[in-house]
Amino acid sequence: HGRPTLVGNIYKGRVEKVLTGIDAAFVDIGLERNGYLAADDADATGQRGRSGKRISDLLKGGQEILVRVTRDPMGTKGPRLSAQMLLVGRRLLYSPTAPMSGASRRLDDCERDRLRLLCAGMSLSQGGLVARTAAEGAEVAHLERELRFLMRLWGWVSRRAADVAGPGMVYREAGLA
């Protein structure tokens, strides 16, 4: 298949259609096909359906929105999107908009608990962290350095998003756009 993945890329999009019947929206992100954004994924705080909000409560046609690709386009379908931002580091996942926390399920319970405690102790003004499998055995100093990098990266992404005239790519997961 050879096509590079779009998963993880962040786009500034424009809401094209809000479909109340299927509780989803189609968002133009500057690609051949519009992306699909379900109501559960339209809340940037990651409340995924718990908010009970319908798509029409969250989005209006013509609105600009920052979205992340969660699944590549397939066949006639455009990419699947989420409004929850996530930046992937080597050892950490950083969500600047959602208060998530945790550690990879691939780690043993002891190490998961240790990493959860370390992450909980790190100073976050907003958002959340998940320790990846590669964080196994990591010292707190390494995790804090990576978190600072991811927070600076989010600052860059935010500033770029403000400058980019949508629809278009703001950030490429495999490197800067």
# chains A, B, ... in the order shown; residues from 1 in each chain; ligands from 1
>>> residues_around(residues="A:Glu32", least_positions_apart="4", cutoff="10 Å", atoms="only C-alpha atoms", output="PyMOL selection string")
chain A and resi 28+73+78
>>> write_last_selection(atoms="C-alpha atoms", output="JSON list (two decimals), in the first residue's frame")
[["chain", "number", "residue", "atom", "x", "y", "z"],
["A", 28, "ASP", "CA", -13.02, 19.60, 5.29],
["A", 73, "PRO", "CA", -9.08, 7.06, 4.72],
["A", 78, "GLY", "CA", -12.48, 9.89, 4.36]]
>>> closest_residue(among="A:Ser82, A:Arg3, A:Glu136, A:Leu66", to="A:Asp109", atoms="only C-alpha atoms")
A:Glu136
>>> residues_around(residues="A:Ala131", least_positions_apart="3", cutoff="9 Å", atoms="only C-alpha atoms", output="PDB file with N, CA, C and O atoms, in the first residue's frame")
ATOM      1  N   ARG A  91       8.380   8.235  25.233  1.00  0.00           N
ATOM      2  CA  ARG A  91       7.936   7.564  26.454  1.00  0.00           C
ATOM      3  C   ARG A  91       6.545   7.996  26.924  1.00  0.00           C
ATOM      4  O   ARG A  91       5.961   7.337  27.768  1.00  0.00           O
ATOM      5  N   LEU A  92       6.066   9.127  26.412  1.00  0.00           N
ATOM      6  CA  LEU A  92       4.810   9.695  26.908  1.00  0.00           C
ATOM      7  C   LEU A  92       3.852  10.042  25.781  1.00  0.00           C
ATOM      8  O   LEU A  92       4.275  10.387  24.682  1.00  0.00           O
ATOM      9  N   LEU A  93       2.551   9.970  26.100  1.00  0.00           N
ATOM     10  CA  LEU A  93       1.508  10.569  25.263  1.00  0.00           C
ATOM     11  C   LEU A  93       1.025  11.777  26.053  1.00  0.00           C
ATOM     12  O   LEU A  93       0.703  11.651  27.244  1.00  0.00           O
ATOM     13  N   TYR A  94       0.970  12.934  25.405  1.00  0.00           N
ATOM     14  CA  TYR A  94       0.529  14.147  26.081  1.00  0.00           C
ATOM     15  C   TYR A  94      -0.749  14.644  25.420  1.00  0.00           C
ATOM     16  O   TYR A  94      -0.799  14.836  24.214  1.00  0.00           O
ATOM     17  N   SER A 101      -4.979  10.160  32.336  1.00  0.00           N
ATOM     18  CA  SER A 101      -3.751   9.700  32.985  1.00  0.00           C
ATOM     19  C   SER A 101      -3.731   8.182  32.951  1.00  0.00           C
ATOM     20  O   SER A 101      -4.773   7.535  32.909  1.00  0.00           O
ATOM     21  N   GLY A 102      -2.531   7.627  32.965  1.00  0.00           N
ATOM     22  CA  GLY A 102      -2.428   6.180  32.944  1.00  0.00           C
ATOM     23  C   GLY A 102      -1.068   5.712  32.490  1.00  0.00           C
ATOM     24  O   GLY A 102      -0.129   6.504  32.379  1.00  0.00           O
ATOM     25  N   ALA A 103      -0.991   4.418  32.244  1.00  0.00           N
ATOM     26  CA  ALA A 103       0.242   3.801  31.775  1.00  0.00           C
ATOM     27  C   ALA A 103      -0.131   2.623  30.879  1.00  0.00           C
ATOM     28  O   ALA A 103      -1.215   2.042  31.018  1.00  0.00           O
ATOM     29  N   SER A 104       0.761   2.284  29.985  1.00  0.00           N
ATOM     30  CA  SER A 104       0.544   1.214  29.023  1.00  0.00           C
ATOM     31  C   SER A 104       0.145  -0.087  29.711  1.00  0.00           C
ATOM     32  O   SER A 104       0.724  -0.477  30.722  1.00  0.00           O
ATOM     33  N   ARG A 112       3.536  -0.179  36.077  1.00  0.00           N
ATOM     34  CA  ARG A 112       2.407   0.709  35.735  1.00  0.00           C
ATOM     35  C   ARG A 112       2.095   1.634  36.898  1.00  0.00           C
ATOM     36  O   ARG A 112       1.907   2.839  36.708  1.00  0.00           O
ATOM     37  N   LEU A 115       4.863   4.288  37.277  1.00  0.00           N
ATOM     38  CA  LEU A 115       4.780   5.319  36.244  1.00  0.00           C
ATOM     39  C   LEU A 115       3.547   6.202  36.426  1.00  0.00           C
ATOM     40  O   LEU A 115       3.609   7.416  36.209  1.00  0.00           O
ATOM     41  N   ARG A 116       2.433   5.609  36.837  1.00  0.00           N
ATOM     42  CA  ARG A 116       1.229   6.407  37.114  1.00  0.00           C
ATOM     43  C   ARG A 116       1.514   7.449  38.190  1.00  0.00           C
ATOM     44  O   ARG A 116       1.111   8.597  38.065  1.00  0.00           O
ATOM     45  N   CYS A 119       3.817  10.196  36.779  1.00  0.00           N
ATOM     46  CA  CYS A 119       3.064  11.094  35.896  1.00  0.00           C
ATOM     47  C   CYS A 119       2.127  12.002  36.694  1.00  0.00           C
ATOM     48  O   CYS A 119       1.998  13.184  36.400  1.00  0.00           O
ATOM     49  N   ALA A 134       7.554   2.226  26.306  1.00  0.00           N
ATOM     50  CA  ALA A 134       8.964   2.623  26.267  1.00  0.00           C
ATOM     51  C   ALA A 134       9.397   3.395  27.520  1.00  0.00           C
ATOM     52  O   ALA A 134      10.583   3.634  27.722  1.00  0.00           O
ATOM     53  N   ALA A 135       8.441   3.765  28.381  1.00  0.00           N
ATOM     54  CA  ALA A 135       8.778   4.484  29.617  1.00  0.00           C
ATOM     55  C   ALA A 135       9.267   3.528  30.699  1.00  0.00           C
ATOM     56  O   ALA A 135       9.724   3.969  31.757  1.00  0.00           O
ATOM     57  N   GLU A 136       9.186   2.238  30.447  1.00  0.00           N
ATOM     58  CA  GLU A 136       9.587   1.244  31.441  1.00  0.00           C
ATOM     59  C   GLU A 136      10.997   1.534  31.954  1.00  0.00           C
ATOM     60  O   GLU A 136      11.935   1.699  31.177  1.00  0.00           O
ATOM     61  N   LEU A 143      11.390  11.696  32.036  1.00  0.00           N
ATOM     62  CA  LEU A 143       9.975  11.924  31.734  1.00  0.00           C
ATOM     63  C   LEU A 143       9.646  13.414  31.780  1.00  0.00           C
ATOM     64  O   LEU A 143       8.912  13.923  30.930  1.00  0.00           O
TER      65      LEU A 143
END
>>> atom_distance(atom1="atom CA of A:Gln63", atom2="atom CA of A:Val7")
22.5 Å
>>> closest_residue(among="A:Leu86, A:Leu118, A:Ala38, A:Leu124", to="A:Trp154", atoms="only C-alpha atoms")
A:Leu86
>>> atom_distance(atom1="atom CA of A:Arg71", atom2="atom CA of A:Gly35")
9.7 Å
>>> atom_distance(atom1="atom CA of A:Ala39", atom2="atom CA of A:Glu64")
15.8 Å
>>> select_by_dssp(residues="chain A", states="strand (DSSP E)", output="ChimeraX atom specification")
/A:10-19,24-28,35-38,64-71,80-82,87-88,92-95,101-103,128-131,168-171
>>> closest_residue(among="A:Val140, A:Met85, A:Val69, A:Leu117", to="A:Ala44", atoms="only C-alpha atoms")
A:Met85
>>> closest_residue(among="A:Arg132, A:Arg90, A:Lys12, A:Arg152", to="A:Leu107", atoms="only C-alpha atoms")
A:Arg132
>>> residues_around(residues="A:Asn34", least_positions_apart="3", cutoff="9 Å", atoms="only C-alpha atoms", output="list in words")
Glu16, Phe26, Val27, Asp28, Ile29, Gly30, Leu31, Lys77, Gly78 and Pro79 of chain A
